[in-house]
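Participant: Next up is a structure, given as structure tokens.
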Amino acid sequence: MRVGVEREATDQLVTDRDNGRGGHSGDHITVVKPERLDAIVRGDVQGVGFRYFLMREAHALGLRGWVRNRDDGSVEFVAEGPRPDLERLLEAARRGPSHARVTEVRADWSSASGGLDPFDLTF
């Protein structure tokens, strides 16, 4: 048994390549530019597992950056990633672990500069 295949002219194949969608196949994808969050957390935030708490939260969100204790008793962190995930990390910083008492969080936003490793402790 033979099956015949009808061929189309080349110009029809080229002009119909988007299957009538009227655009490119990737036009529906939203590109989210990463941002950078620099924050200082004040209160009873050292000696209560605060850095490890933030590290776990950041890992769960897939963020890059670091967290460290500062000499003045505060905790500082820098994180990069999508804004919604950074806002979740910021909310976690405001809440803190159960033994922490957060009195103030100062947050500065900017464009991501890259070059950060997966979120970790630094000294």
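Convention: chains lettered A, B, ... in structure tokens order; per-chain residue numbering from 1; ligands numbered from 1 as shown.
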List the neighbours of segment 97-102 of chain A out to 7 Å using only C-alpha atoms; skip same-chain residues closer than 5 positions along the sequence, and give me the result as a PDB file with N, CA and C atoms, in the first residue's frame.

Facilitator:
ATOM      1  N   VAL A  41      19.327  43.817  60.198  1.00  0.00           N
ATOM      2  CA  VAL A  41      18.288  43.429  61.149  1.00  0.00           C
ATOM      3  C   VAL A  41      18.797  43.758  62.552  1.00  0.00           C
ATOM      4  N   ARG A  42      17.991  44.516  63.308  1.00  0.00           N
ATOM      5  CA  ARG A  42      18.381  44.907  64.671  1.00  0.00           C
ATOM      6  C   ARG A  42      17.419  44.306  65.688  1.00  0.00           C
ATOM      7  N   GLY A  43      17.918  44.164  66.899  1.00  0.00           N
ATOM      8  CA  GLY A  43      17.143  43.595  67.996  1.00  0.00           C
ATOM      9  C   GLY A  43      17.966  42.518  68.668  1.00  0.00           C
ATOM     10  N   ASP A  44      17.304  41.577  69.323  1.00  0.00           N
ATOM     11  CA  ASP A  44      17.994  40.413  69.889  1.00  0.00           C
ATOM     12  C   ASP A  44      18.080  39.370  68.783  1.00  0.00           C
ATOM     13  N   VAL A  45      19.108  39.509  67.940  1.00  0.00           N
ATOM     14  CA  VAL A  45      19.205  38.681  66.749  1.00  0.00           C
ATOM     15  C   VAL A  45      20.511  37.893  66.657  1.00  0.00           C
ATOM     16  N   VAL A  48      20.807  33.471  68.671  1.00  0.00           N
ATOM     17  CA  VAL A  48      19.480  32.838  68.688  1.00  0.00           C
ATOM     18  C   VAL A  48      19.215  32.022  67.413  1.00  0.00           C
ATOM     19  N   PHE A  50      19.663  33.119  64.313  1.00  0.00           N
ATOM     20  CA  PHE A  50      19.088  33.967  63.280  1.00  0.00           C
ATOM     21  C   PHE A  50      19.737  33.742  61.913  1.00  0.00           C
ATOM     22  N   PHE A  53      18.618  30.489  60.477  1.00  0.00           N
ATOM     23  CA  PHE A  53      17.211  30.634  60.085  1.00  0.00           C
ATOM     24  C   PHE A  53      17.111  31.291  58.703  1.00  0.00           C
TER      25      PHE A  53
END

Participant: Using only C-alpha atoms, what table do you get, as JSON lines, when you list each residue of segment 77-96 of chain A with an atom no more than 9 Å from segment 55-58 of chain A, its nearest pair of atoms, and their distance in Å rounded to one decimal, rows by chain then rising number?

Facilitator:
{"residue": "A:Ala79", "atom": "CA", "partner": "A:Ala58", "partner_atom": "CA", "distance": 8.0}
{"residue": "A:Asp85", "atom": "CA", "partner": "A:Ala58", "partner_atom": "CA", "distance": 8.5}
{"residue": "A:Leu86", "atom": "CA", "partner": "A:Ala58", "partner_atom": "CA", "distance": 8.4}
{"residue": "A:Arg88", "atom": "CA", "partner": "A:Glu57", "partner_atom": "CA", "distance": 8.6}
{"residue": "A:Leu89", "atom": "CA", "partner": "A:Ala58", "partner_atom": "CA", "distance": 6.4}
{"residue": "A:Ala92", "atom": "CA", "partner": "A:Glu57", "partner_atom": "CA", "distance": 7.4}

Participant: Please, what distance in Å, to one decimal, runs between atom CA of Val105 of chain A and atom CA of Asp117 of chain A?

Facilitator: 23.3 Å

Participant: So how far away is atom CA of Arg95 of chain A from atom CA of Ser113 of chain A, in Å?

Facilitator: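 Pair atom CA of Ser113 of chain A / atom CA of Arg95 of chain A returns 27.0 Å.
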
Participant: Measuring atom to atom with only C-alpha atoms, identify which of A:Gly62, A:Gly73, A:Gly49, A:Val78 is nearest to Ala112 of chain A.

Facilitator: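 Going through A:Gly62, A:Gly73, A:Gly49, A:Val78 one by one, the smallest distance to Ala112 of chain A is for A:Val78.
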
Participant: Calculated over only C-alpha atoms, which of the candidates A:Arg94, A:Pro84, A:Tyr52, A:Leu116 has the smallest distance to Lys33 of chain A?

Facilitator: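 Using only C-alpha atoms, the shortest distance to Lys33 of chain A belongs to A:Pro84.
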
Participant: Pick the closest to Val32 of chain A from A:Phe77, A:His59, A:Asn69, A:Pro82: which is it, counting only C-alpha atoms?

Facilitator: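 Residue with the minimum atom-to-atom distance to Val32 of chain A: A:Pro82.
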
Participant: Which residue out of A:Gly114, A:Phe123, A:Leu90, A:Asp38 has the minimum interatomic distance to Asp71 of chain A when only C-alpha atoms are used?

Facilitator: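 Nearest candidate to Asp71 of chain A out of A:Gly114, A:Phe123, A:Leu90, A:Asp38: A:Phe123.
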